[in-house]
file entry-v2.cif (mmCIF, C-alpha atoms and all ligand atoms)
data_input
#
loop_
_atom_site.group_PDB
_atom_site.id
_atom_site.type_symbol
_atom_site.label_atom_id
_atom_site.label_comp_id
_atom_site.auth_asym_id
_atom_site.auth_seq_id
_atom_site.Cartn_x
_atom_site.Cartn_y
_atom_site.Cartn_z
ATOM 1 C CA MET N 4 4.055 14.587 15.080
ATOM 2 C CA THR N 5 4.559 11.915 12.419
ATOM 3 C CA GLY N 6 2.480 8.999 11.211
ATOM 4 C CA LEU N 7 -1.009 9.273 9.825
ATOM 5 C CA VAL N 8 -4.103 10.710 11.486
ATOM 6 C CA LEU N 9 -7.665 10.246 10.232
ATOM 7 C CA LYS N 10 -10.277 12.483 11.868
ATOM 8 C CA ASP N 11 -13.934 11.684 11.256
ATOM 9 C CA ILE N 12 -13.307 10.729 7.636
ATOM 10 C CA ARG N 13 -16.520 10.289 5.645
ATOM 11 C CA LYS N 14 -17.142 9.301 2.044
ATOM 12 C CA SER N 15 -20.336 9.445 0.053
ATOM 13 C CA TYR N 16 -21.060 8.824 -3.602
ATOM 14 C CA GLY N 17 -24.177 10.969 -4.061
ATOM 15 C CA ASN N 18 -26.656 9.606 -1.524
ATOM 16 C CA VAL N 19 -24.664 6.436 -0.937
ATOM 17 C CA HIS N 20 -22.691 6.715 2.323
ATOM 18 C CA VAL N 21 -19.688 4.410 2.145
ATOM 19 C CA LEU N 22 -17.585 5.549 5.138
ATOM 20 C CA HIS N 23 -19.349 6.867 8.249
ATOM 21 C CA GLY N 24 -16.672 8.688 10.258
ATOM 22 C CA ILE N 25 -13.338 6.910 10.498
ATOM 23 C CA ASP N 26 -11.015 7.959 13.358
ATOM 24 C CA LEU N 27 -7.542 6.442 13.456
ATOM 25 C CA ASP N 28 -4.185 7.450 14.843
ATOM 26 C CA ILE N 29 -1.422 5.509 13.094
ATOM 27 C CA GLN N 30 2.131 5.792 14.422
ATOM 28 C CA GLU N 31 5.186 6.322 12.250
ATOM 29 C CA GLY N 32 6.587 2.916 11.275
ATOM 30 C CA GLU N 33 3.479 0.972 12.242
ATOM 31 C CA PHE N 34 2.199 -1.875 10.064
ATOM 32 C CA ILE N 35 -1.592 -1.517 9.933
ATOM 33 C CA VAL N 36 -3.842 -4.029 8.194
ATOM 34 C CA PHE N 37 -7.442 -3.163 7.233
ATOM 35 C CA VAL N 38 -9.677 -6.225 7.160
ATOM 36 C CA GLY N 39 -13.410 -6.686 6.686
ATOM 37 C CA PRO N 40 -15.931 -8.177 4.291
ATOM 38 C CA SER N 41 -16.163 -7.214 0.644
ATOM 39 C CA GLY N 42 -17.859 -3.844 0.250
ATOM 40 C CA CYS N 43 -17.078 -2.558 3.795
ATOM 41 C CA GLY N 44 -14.971 0.309 2.427
ATOM 42 C CA LYS N 45 -11.370 -0.912 2.776
ATOM 43 C CA SER N 46 -10.272 0.014 -0.753
ATOM 44 C CA THR N 47 -12.101 3.320 -0.652
ATOM 45 C CA LEU N 48 -10.304 4.284 2.560
ATOM 46 C CA LEU N 49 -6.915 3.237 1.164
ATOM 47 C CA ARG N 50 -7.548 5.154 -2.057
ATOM 48 C CA MET N 51 -8.485 8.228 -0.024
ATOM 49 C CA ILE N 52 -5.190 7.977 1.884
ATOM 50 C CA ALA N 53 -3.429 7.713 -1.479
ATOM 51 C CA GLY N 54 -5.271 10.780 -2.747
ATOM 52 C CA LEU N 55 -6.996 8.813 -5.522
ATOM 53 C CA GLU N 56 -10.454 9.512 -4.037
ATOM 54 C CA SER N 57 -11.663 12.813 -2.637
ATOM 55 C CA ILE N 58 -12.600 13.149 1.041
ATOM 56 C CA THR N 59 -16.269 14.036 1.527
ATOM 57 C CA SER N 60 -15.619 15.371 5.044
ATOM 58 C CA GLY N 61 -13.082 15.024 7.834
ATOM 59 C CA ASP N 62 -9.346 15.616 7.976
ATOM 60 C CA MET N 63 -6.325 13.557 7.036
ATOM 61 C CA LEU N 64 -2.825 14.348 8.282
ATOM 62 C CA ILE N 65 0.414 12.754 7.140
ATOM 63 C CA ALA N 66 3.447 13.601 9.281
ATOM 64 C CA GLY N 67 1.425 16.361 10.921
ATOM 65 C CA GLN N 68 0.481 18.059 7.675
ATOM 66 C CA LYS N 69 -3.113 18.230 6.491
ATOM 67 C CA VAL N 70 -3.223 16.487 3.105
ATOM 68 C CA ASN N 71 -6.946 16.613 2.189
ATOM 69 C CA GLU N 72 -6.183 18.648 -0.919
ATOM 70 C CA VAL N 73 -2.626 17.431 -1.576
ATOM 71 C CA PRO N 74 -2.304 15.500 -4.868
ATOM 72 C CA PRO N 75 -1.136 11.851 -4.741
ATOM 73 C CA SER N 76 2.349 12.601 -6.059
ATOM 74 C CA ARG N 77 3.059 15.038 -3.210
ATOM 75 C CA ARG N 78 1.849 13.019 -0.226
ATOM 76 C CA GLY N 79 5.011 10.977 0.313
ATOM 77 C CA ILE N 80 3.082 7.771 -0.329
ATOM 78 C CA ALA N 81 3.616 4.836 -2.667
ATOM 79 C CA MET N 82 1.013 2.206 -3.487
ATOM 80 C CA VAL N 83 1.162 -1.421 -4.584
ATOM 81 C CA PHE N 84 -1.941 -2.739 -6.364
ATOM 82 C CA GLN N 85 -3.465 -6.192 -6.696
ATOM 83 C CA SER N 86 -2.950 -6.088 -10.461
ATOM 84 C CA TYR N 87 0.699 -4.808 -10.292
ATOM 85 C CA ALA N 88 -0.049 -1.825 -12.601
ATOM 86 C CA LEU N 89 3.338 -2.016 -14.342
ATOM 87 C CA TYR N 90 3.984 -0.173 -17.598
ATOM 88 C CA PRO N 91 3.981 -3.048 -20.141
ATOM 89 C CA HIS N 92 6.270 -1.376 -22.684
ATOM 90 C CA MET N 93 8.968 -0.486 -20.127
ATOM 91 C CA THR N 94 11.711 -2.727 -18.787
ATOM 92 C CA VAL N 95 11.865 -3.644 -15.113
ATOM 93 C CA PHE N 96 14.567 -1.001 -14.640
ATOM 94 C CA ASP N 97 12.490 1.706 -16.322
ATOM 95 C CA ASN N 98 9.356 0.731 -14.402
ATOM 96 C CA MET N 99 11.250 1.124 -11.146
ATOM 97 C CA ALA N 100 12.951 4.348 -12.279
ATOM 98 C CA PHE N 101 9.821 6.025 -13.622
ATOM 99 C CA GLY N 102 8.681 7.876 -10.490
ATOM 100 C CA MET N 103 12.202 9.111 -9.760
ATOM 101 C CA ARG N 104 12.601 10.411 -13.321
ATOM 102 C CA ILE N 105 9.350 12.343 -12.973
ATOM 103 C CA ALA N 106 10.628 13.707 -9.670
ATOM 104 C CA GLY N 107 13.823 14.872 -11.385
ATOM 105 C CA GLU N 108 16.288 12.679 -9.486
ATOM 106 C CA SER N 109 19.802 12.435 -10.901
ATOM 107 C CA LYS N 110 20.743 9.530 -13.141
ATOM 108 C CA GLN N 111 23.254 8.383 -10.555
ATOM 109 C CA GLU N 112 20.730 8.401 -7.714
ATOM 110 C CA ILE N 113 18.160 6.581 -9.877
ATOM 111 C CA ASP N 114 20.693 3.916 -10.744
ATOM 112 C CA ARG N 115 21.719 3.508 -7.113
ATOM 113 C CA ARG N 116 18.178 3.188 -5.775
ATOM 114 C CA VAL N 117 16.925 0.855 -8.532
ATOM 115 C CA ARG N 118 19.901 -1.474 -8.091
ATOM 116 C CA ALA N 119 19.532 -1.520 -4.299
ATOM 117 C CA ALA N 120 15.800 -2.274 -4.506
ATOM 118 C CA ALA N 121 16.366 -4.922 -7.200
ATOM 119 C CA ALA N 122 19.052 -6.607 -5.117
ATOM 120 C CA SER N 123 16.858 -6.719 -2.014
ATOM 121 C CA LEU N 124 14.008 -8.263 -4.042
ATOM 122 C CA GLN N 125 16.145 -10.737 -6.051
ATOM 123 C CA LEU N 126 15.384 -8.911 -9.298
ATOM 124 C CA THR N 127 18.869 -7.925 -10.437
ATOM 125 C CA GLN N 128 18.988 -10.451 -13.266
ATOM 126 C CA TYR N 129 15.605 -9.270 -14.625
ATOM 127 C CA LEU N 130 16.274 -5.520 -14.885
ATOM 128 C CA GLU N 131 16.342 -5.465 -18.695
ATOM 129 C CA ARG N 132 13.232 -7.647 -19.151
ATOM 130 C CA LEU N 133 9.705 -6.535 -19.952
ATOM 131 C CA PRO N 134 6.982 -7.364 -17.402
ATOM 132 C CA LYS N 135 5.384 -9.916 -19.727
ATOM 133 C CA ALA N 136 8.551 -12.048 -19.466
ATOM 134 C CA LEU N 137 8.159 -12.352 -15.677
ATOM 135 C CA SER N 138 6.041 -14.525 -13.374
ATOM 136 C CA GLY N 139 3.234 -12.978 -11.317
ATOM 137 C CA GLY N 140 5.376 -13.057 -8.188
ATOM 138 C CA GLN N 141 8.270 -11.347 -9.966
ATOM 139 C CA ARG N 142 5.923 -8.699 -11.372
ATOM 140 C CA GLN N 143 4.598 -7.936 -7.925
ATOM 141 C CA ARG N 144 8.174 -7.681 -6.613
ATOM 142 C CA VAL N 145 8.864 -5.132 -9.389
ATOM 143 C CA ALA N 146 5.830 -3.137 -8.274
ATOM 144 C CA ILE N 147 7.108 -3.271 -4.678
ATOM 145 C CA GLY N 148 10.578 -2.226 -5.886
ATOM 146 C CA ARG N 149 9.100 0.705 -7.774
ATOM 147 C CA ALA N 150 7.343 1.793 -4.584
ATOM 148 C CA ILE N 151 10.538 1.437 -2.490
ATOM 149 C CA CYS N 152 12.422 3.654 -4.957
ATOM 150 C CA ARG N 153 10.113 6.542 -4.145
ATOM 151 C CA ASN N 154 11.324 6.546 -0.496
ATOM 152 C CA PRO N 155 7.748 6.825 0.757
ATOM 153 C CA LYS N 156 6.798 7.906 4.273
ATOM 154 C CA VAL N 157 3.678 5.761 3.904
ATOM 155 C CA PHE N 158 3.532 2.534 1.907
ATOM 156 C CA LEU N 159 0.069 1.349 0.808
ATOM 157 C CA PHE N 160 -0.836 -2.171 -0.314
ATOM 158 C CA ASP N 161 -4.225 -3.026 -1.859
ATOM 159 C CA GLU N 162 -4.629 -6.826 -1.685
ATOM 160 C CA PRO N 163 -1.164 -7.295 -3.201
ATOM 161 C CA LEU N 164 -1.173 -11.106 -3.004
ATOM 162 C CA SER N 165 -4.642 -11.840 -4.370
ATOM 163 C CA ASN N 166 -3.529 -12.632 -7.901
ATOM 164 C CA LEU N 167 -0.727 -14.999 -6.866
ATOM 165 C CA ASP N 168 -0.907 -18.753 -6.411
ATOM 166 C CA ALA N 169 -0.537 -20.172 -2.902
ATOM 167 C CA ALA N 170 3.240 -20.743 -2.908
ATOM 168 C CA LEU N 171 4.039 -17.314 -4.345
ATOM 169 C CA ARG N 172 1.612 -15.727 -1.921
ATOM 170 C CA VAL N 173 3.605 -17.050 1.035
ATOM 171 C CA ALA N 174 6.960 -16.109 -0.512
ATOM 172 C CA THR N 175 5.810 -12.588 -1.391
ATOM 173 C CA ARG N 176 4.248 -12.114 2.035
ATOM 174 C CA ILE N 177 7.619 -12.957 3.580
ATOM 175 C CA GLU N 178 9.268 -10.388 1.259
ATOM 176 C CA ILE N 179 6.811 -7.750 2.465
ATOM 177 C CA ALA N 180 7.508 -8.608 6.120
ATOM 178 C CA LYS N 181 11.271 -8.312 5.485
ATOM 179 C CA LEU N 182 10.731 -5.040 3.656
ATOM 180 C CA SER N 183 8.802 -3.632 6.589
ATOM 181 C CA ASP N 184 11.577 -4.661 9.002
ATOM 182 C CA SER N 185 14.163 -3.007 6.756
ATOM 183 C CA MET N 186 12.203 0.281 6.648
ATOM 184 C CA PRO N 187 11.370 0.794 10.341
ATOM 185 C CA GLU N 188 10.352 4.431 9.889
ATOM 186 C CA THR N 189 7.993 3.758 6.981
ATOM 187 C CA THR N 190 4.339 3.378 7.874
ATOM 188 C CA MET N 191 2.667 0.458 6.102
ATOM 189 C CA ILE N 192 -1.067 0.233 5.454
ATOM 190 C CA TYR N 193 -2.265 -3.000 3.946
ATOM 191 C CA VAL N 194 -5.728 -4.081 2.791
ATOM 192 C CA THR N 195 -6.690 -7.749 2.682
ATOM 193 C CA HIS N 196 -9.529 -10.114 3.420
ATOM 194 C CA ASP N 197 -7.031 -12.864 4.303
ATOM 195 C CA GLN N 198 -6.774 -13.487 8.049
ATOM 196 C CA VAL N 199 -3.365 -15.176 7.797
ATOM 197 C CA GLU N 200 -1.896 -12.129 6.048
ATOM 198 C CA ALA N 201 -3.406 -9.867 8.691
ATOM 199 C CA MET N 202 -2.151 -12.023 11.588
ATOM 200 C CA THR N 203 1.388 -12.399 10.272
ATOM 201 C CA LEU N 204 2.010 -8.859 9.003
ATOM 202 C CA ALA N 205 0.128 -6.471 11.275
ATOM 203 C CA ASP N 206 1.270 -4.572 14.322
ATOM 204 C CA ARG N 207 -2.392 -3.588 14.602
ATOM 205 C CA ILE N 208 -5.431 -4.806 12.712
ATOM 206 C CA VAL N 209 -8.310 -2.430 11.946
ATOM 207 C CA VAL N 210 -11.562 -4.341 11.425
ATOM 208 C CA LEU N 211 -13.979 -2.400 9.222
ATOM 209 C CA SER N 212 -17.649 -3.224 8.950
ATOM 210 C CA ALA N 213 -20.145 -1.366 6.754
ATOM 211 C CA GLY N 214 -18.039 1.795 6.650
ATOM 212 C CA ARG N 215 -17.187 1.924 10.361
ATOM 213 C CA VAL N 216 -14.221 0.856 12.481
ATOM 214 C CA GLU N 217 -15.509 -2.131 14.426
ATOM 215 C CA GLN N 218 -12.318 -3.084 16.303
ATOM 216 C CA VAL N 219 -8.673 -2.069 16.481
ATOM 217 C CA GLY N 220 -6.003 -4.202 18.128
ATOM 218 C CA ALA N 221 -2.871 -6.282 17.909
ATOM 219 C CA PRO N 222 -3.446 -9.637 16.135
ATOM 220 C CA LEU N 223 -3.447 -11.707 19.321
ATOM 221 C CA GLU N 224 -5.766 -9.300 21.130
ATOM 222 C CA LEU N 225 -8.306 -9.543 18.344
ATOM 223 C CA TYR N 226 -8.207 -13.229 17.630
ATOM 224 C CA GLU N 227 -7.686 -14.630 21.142
ATOM 225 C CA HIS N 228 -10.349 -12.466 22.771
ATOM 226 C CA PRO N 229 -12.690 -11.553 19.934
HETATM 227 P P1 LIG N 301 -13.978 -3.137 -0.069
HETATM 228 O O1 LIG N 301 -12.643 -2.691 -0.549
HETATM 229 O O2 LIG N 301 -14.058 -3.276 1.413
HETATM 230 O O3 LIG N 301 -14.466 -4.369 -0.787
HETATM 231 P P2 LIG N 301 -14.890 -0.760 -1.391
HETATM 232 O O4 LIG N 301 -14.163 0.324 -0.706
HETATM 233 O O5 LIG N 301 -14.414 -1.228 -2.721
HETATM 234 O O6 LIG N 301 -15.026 -1.992 -0.394
HETATM 235 O O7 LIG N 301 -16.397 -0.326 -1.564
HETATM 236 C C1 LIG N 301 -17.193 0.114 -0.458
HETATM 237 C C2 LIG N 301 -18.583 0.430 -0.946
HETATM 238 O O8 LIG N 301 -18.518 1.598 -1.749
HETATM 239 C C3 LIG N 301 -19.207 -0.652 -1.811
HETATM 240 O O9 LIG N 301 -20.559 -0.737 -1.475
HETATM 241 C C4 LIG N 301 -19.026 -0.110 -3.216
HETATM 242 O O10 LIG N 301 -20.017 -0.589 -4.086
HETATM 243 C C5 LIG N 301 -19.138 1.380 -3.006
HETATM 244 N N1 LIG N 301 -18.393 2.147 -4.023
HETATM 245 C C6 LIG N 301 -17.058 2.104 -4.224
HETATM 246 N N2 LIG N 301 -16.698 2.942 -5.211
HETATM 247 C C7 LIG N 301 -17.847 3.533 -5.615
HETATM 248 C C8 LIG N 301 -18.153 4.506 -6.599
HETATM 249 N N3 LIG N 301 -17.208 5.052 -7.384
HETATM 250 N N4 LIG N 301 -19.453 4.877 -6.732
HETATM 251 C C9 LIG N 301 -20.396 4.350 -5.937
HETATM 252 N N5 LIG N 301 -20.185 3.443 -5.008
HETATM 253 C C10 LIG N 301 -18.928 3.031 -4.829
HETATM 254 P P1 LIG N 302 -12.396 -4.239 -5.478
HETATM 255 O O1 LIG N 302 -13.495 -5.041 -4.813
HETATM 256 O O2 LIG N 302 -11.284 -5.075 -6.028
HETATM 257 O O3 LIG N 302 -11.956 -3.085 -4.660
HETATM 258 P P2 LIG N 302 -14.503 -3.222 -7.121
HETATM 259 O O4 LIG N 302 -14.918 -4.146 -8.199
HETATM 260 O O5 LIG N 302 -15.287 -3.078 -5.870
HETATM 261 O O6 LIG N 302 -12.999 -3.584 -6.799
HETATM 262 O O7 LIG N 302 -14.343 -1.753 -7.719
HETATM 263 C C1 LIG N 302 -13.621 -1.513 -8.884
HETATM 264 C C2 LIG N 302 -13.792 -0.043 -9.237
HETATM 265 O O8 LIG N 302 -15.188 0.263 -9.413
HETATM 266 C C3 LIG N 302 -13.298 0.905 -8.163
HETATM 267 O O9 LIG N 302 -12.667 2.006 -8.787
HETATM 268 C C4 LIG N 302 -14.542 1.355 -7.420
HETATM 269 O O10 LIG N 302 -14.390 2.671 -6.911
HETATM 270 C C5 LIG N 302 -15.586 1.296 -8.528
HETATM 271 N N1 LIG N 302 -16.903 0.920 -7.971
HETATM 272 C C6 LIG N 302 -17.148 -0.047 -7.074
HETATM 273 N N2 LIG N 302 -18.445 -0.095 -6.770
HETATM 274 C C7 LIG N 302 -19.048 0.861 -7.528
HETATM 275 C C8 LIG N 302 -20.384 1.314 -7.673
HETATM 276 N N3 LIG N 302 -21.382 0.785 -6.951
HETATM 277 N N4 LIG N 302 -20.626 2.316 -8.535
HETATM 278 C C9 LIG N 302 -19.635 2.863 -9.227
HETATM 279 N N5 LIG N 302 -18.334 2.487 -9.139
HETATM 280 C C10 LIG N 302 -18.053 1.498 -8.290
#
call {"tool": "encode", "arguments": {"input": "entry-v2.cif", "output": "structure tokens", "more": "lines below"}}
Ligand code: ADP
Ligand code: ADP
result
Amino acid sequence: MTGLVLKDIRKSYGNVHVLHGIDLDIQEGEFIVFVGPSGCGKSTLLRMIAGLESITSGDMLIAGQKVNEVPPSRRGIAMVFQSYALYPHMTVFDNMAFGMRIAGESKQEIDRRVRAAAASLQLTQYLERLPKALSGGQRQRVAIGRAICRNPKVFLFDEPLSNLDAALRVATRIEIAKLSDSMPETTMIYVTHDQVEAMTLADRIVVLSAGRVEQVGAPLELYEHP
């Protein structure tokens, strides 16, 4: 039993009910995109999967293990944010190495993984730079590289292209599609309100509306027979 299972997941902030019982069965290696209007609960659900928000009720399983109370660093997940969230005072290399250093990986293994990720994302020549000396697209590739280095079972993306201009958005989207193909066992969960991103990246799209799952299906199923 691998993948990710959500069983009647609910979230409330005080009396405000944000998620009303989400049930999803996500297969290992699947690319899932959450779409829906602003405020429907996409980010909240993603942050709950990441362990950054508590679960009000329901169960969440990653690779068959209940993770409701498991802290973010021990869930086997890595997350890429809209705003990159790089450490400004660290070089590209150190940003990508950070999680592995915390995890106590050997210097040799850190070096190997950072260089492999940098090569696959065309970042090798930037490893000694600070984030401020990079373009937005390069910064987001560093954030993706940092996530790759953690060898996640589940890879989470929260509107990763929103801060990029149109050309970089397309290029970075293609990088993410390639990344997903190169990590066939890694489950990808991606939040966006962009239909083109959803159509081109998803194996299955989950349409959320006011805290409920409205539809689940492959892109062509959803958009040819809505
Ligand atoms: P989306 O990502 O789909 O735009 P969010 O998950 O950010 O939606 O938010 C879903 C709803 O939950 C919104 O109505 C939002 O205002 C509310 N919400 C999110 N975080 C909090 C919070 N910390 N306290 C209260 N309400 C919140
Ligand atoms: P986004 O739409 O990009 O997800 P938001 O502006 O909705 O971002 O939320 C930014 C932060 O504010 C999040 O951490 C979210 O949990 C929190 N938040 C959102 N809505 C509320 C709210 N109504 N009350 C308190 N915190 C909120």
call {"tool": "residues_near_ligand", "arguments": {"input": "entry-v2.cif", "ligand": "ligand LIG 301 (chain N)", "cutoff": "9 Å", "atoms": "only C-alpha atoms and all ligand atoms", "output": "ChimeraX atom specification"}}
result
/N:14-17,19-22,37-50,56,161,194-196,211-214
call {"tool": "axis_aligned_box", "arguments": {"input": "entry-v2.cif", "around": "segment 138-144 of chain N", "padding_each_side": "4 Å", "output": "JSON"}}
result
{"center_x": 5.8, "center_y": -11.1, "center_z": -10.0, "size_x": 13.0, "size_y": 14.8, "size_z": 14.8}
call {"tool": "residues_around", "arguments": {"input": "entry-v2.cif", "residues": "Ala88 of chain N", "least_positions_apart": "2", "cutoff": "10 Å", "atoms": "only C-alpha atoms", "output": "list in words"}}
result
Val83, Phe84, Gln85, Ser86, Tyr90, Pro91, Asn98, Arg142, Gln143 and Ala146 of chain N
call {"tool": "resolve_selection", "arguments": {"input": "entry-v2.cif", "expression": "the PyMOL selection byres (((chain N and resi 175) around 12) and not hetatm)", "output": "ChimeraX atom specification"}}
result
/N:124-125,139-147,162-174,176-182,200,204
call {"tool": "resolve_selection", "arguments": {"input": "entry-v2.cif", "expression": "the PyMOL selection byres (((chain N and resi 192) around 6) and not hetatm)", "output": "NGL selection string"}}
result
:N and (35-36 or 159 or 191 or 193)
call {"tool": "resolve_selection", "arguments": {"input": "entry-v2.cif", "expression": "the PyMOL selection byres (((chain N and resi 24) around 10) and not hetatm)", "output": "ChimeraX atom specification"}}
result
/N:9-14,21-23,25-27,60-61,214-216
call {"tool": "decode", "arguments": {"input": "entry-v2.cif", "residues": "segment 159-168 of chain N", "atoms": "all heavy atoms", "output": "tab-separated table (two decimals), in the first residue's frame"}}
result
chain	number	residue	atom	x	y	z
N	159	LEU	N	5.23	18.24	-3.28
N	159	LEU	CA	4.09	19.17	-3.26
N	159	LEU	C	4.47	20.50	-3.91
N	159	LEU	O	5.57	21.02	-3.66
N	159	LEU	CB	3.65	19.43	-1.81
N	159	LEU	CG	3.36	18.20	-0.96
N	159	LEU	CD1	2.98	18.62	0.47
N	159	LEU	CD2	2.23	17.37	-1.56
N	160	PHE	N	3.57	21.04	-4.71
N	160	PHE	CA	3.82	22.32	-5.37
N	160	PHE	C	2.63	23.25	-5.07
N	160	PHE	O	1.49	22.90	-5.38
N	160	PHE	CB	3.86	22.15	-6.89
N	160	PHE	CG	4.98	21.29	-7.41
N	160	PHE	CD1	4.80	19.92	-7.57
N	160	PHE	CD2	6.18	21.84	-7.79
N	160	PHE	CE1	5.82	19.12	-8.09
N	160	PHE	CE2	7.21	21.06	-8.31
N	160	PHE	CZ	7.02	19.70	-8.46
N	161	ASP	N	2.90	24.41	-4.51
N	161	ASP	CA	1.83	25.39	-4.23
N	161	ASP	C	1.96	26.56	-5.20
N	161	ASP	O	2.74	27.47	-4.97
N	161	ASP	CB	1.92	25.87	-2.78
N	161	ASP	CG	0.65	26.61	-2.36
N	161	ASP	OD1	-0.27	26.75	-3.19
N	161	ASP	OD2	0.59	27.06	-1.20
N	162	GLU	N	1.21	26.52	-6.29
N	162	GLU	CA	1.24	27.57	-7.32
N	162	GLU	C	2.67	27.99	-7.66
N	162	GLU	O	3.00	29.17	-7.58
N	162	GLU	CB	0.44	28.79	-6.84
N	162	GLU	CG	-0.97	28.40	-6.44
N	162	GLU	CD	-2.01	29.45	-6.83
N	162	GLU	OE1	-1.70	30.31	-7.68
N	162	GLU	OE2	-3.12	29.37	-6.30
N	163	PRO	N	3.51	27.04	-8.09
N	163	PRO	CA	4.93	27.36	-8.22
N	163	PRO	C	5.26	28.32	-9.36
N	163	PRO	O	6.35	28.88	-9.37
N	163	PRO	CB	5.57	25.98	-8.50
N	163	PRO	CG	4.47	25.20	-9.15
N	163	PRO	CD	3.21	25.65	-8.45
N	164	LEU	N	4.33	28.52	-10.29
N	164	LEU	CA	4.65	29.35	-11.46
N	164	LEU	C	4.04	30.75	-11.39
N	164	LEU	O	4.27	31.57	-12.28
N	164	LEU	CB	4.16	28.65	-12.74
N	164	LEU	CG	4.62	27.19	-12.91
N	164	LEU	CD1	4.14	26.63	-14.25
N	164	LEU	CD2	6.13	27.07	-12.80
N	165	SER	N	3.29	31.01	-10.32
N	165	SER	CA	2.51	32.26	-10.27
N	165	SER	C	3.34	33.53	-10.31
N	165	SER	O	2.86	34.56	-10.77
N	165	SER	CB	1.65	32.30	-9.02
N	165	SER	OG	0.85	31.18	-8.97
N	166	ASN	N	4.56	33.46	-9.79
N	166	ASN	CA	5.37	34.68	-9.74
N	166	ASN	C	6.26	34.85	-10.97
N	166	ASN	O	7.07	35.77	-11.01
N	166	ASN	CB	6.25	34.69	-8.49
N	166	ASN	CG	5.45	35.02	-7.25
N	166	ASN	OD1	4.32	35.51	-7.34
N	166	ASN	ND2	6.01	34.75	-6.08
N	167	LEU	N	6.12	33.98	-11.96
N	167	LEU	CA	7.01	34.04	-13.12
N	167	LEU	C	6.29	34.70	-14.30
N	167	LEU	O	5.06	34.61	-14.41
N	167	LEU	CB	7.43	32.62	-13.52
N	167	LEU	CG	8.12	31.81	-12.42
N	167	LEU	CD1	8.45	30.41	-12.92
N	167	LEU	CD2	9.39	32.50	-11.94
N	168	ASP	N	7.09	35.33	-15.18
N	168	ASP	CA	6.44	35.90	-16.37
N	168	ASP	C	6.10	34.76	-17.34
N	168	ASP	O	6.50	33.61	-17.16
N	168	ASP	CB	7.29	37.00	-17.00
N	168	ASP	CG	8.60	36.48	-17.56
N	168	ASP	OD1	8.62	35.35	-18.09
N	168	ASP	OD2	9.60	37.19	-17.45
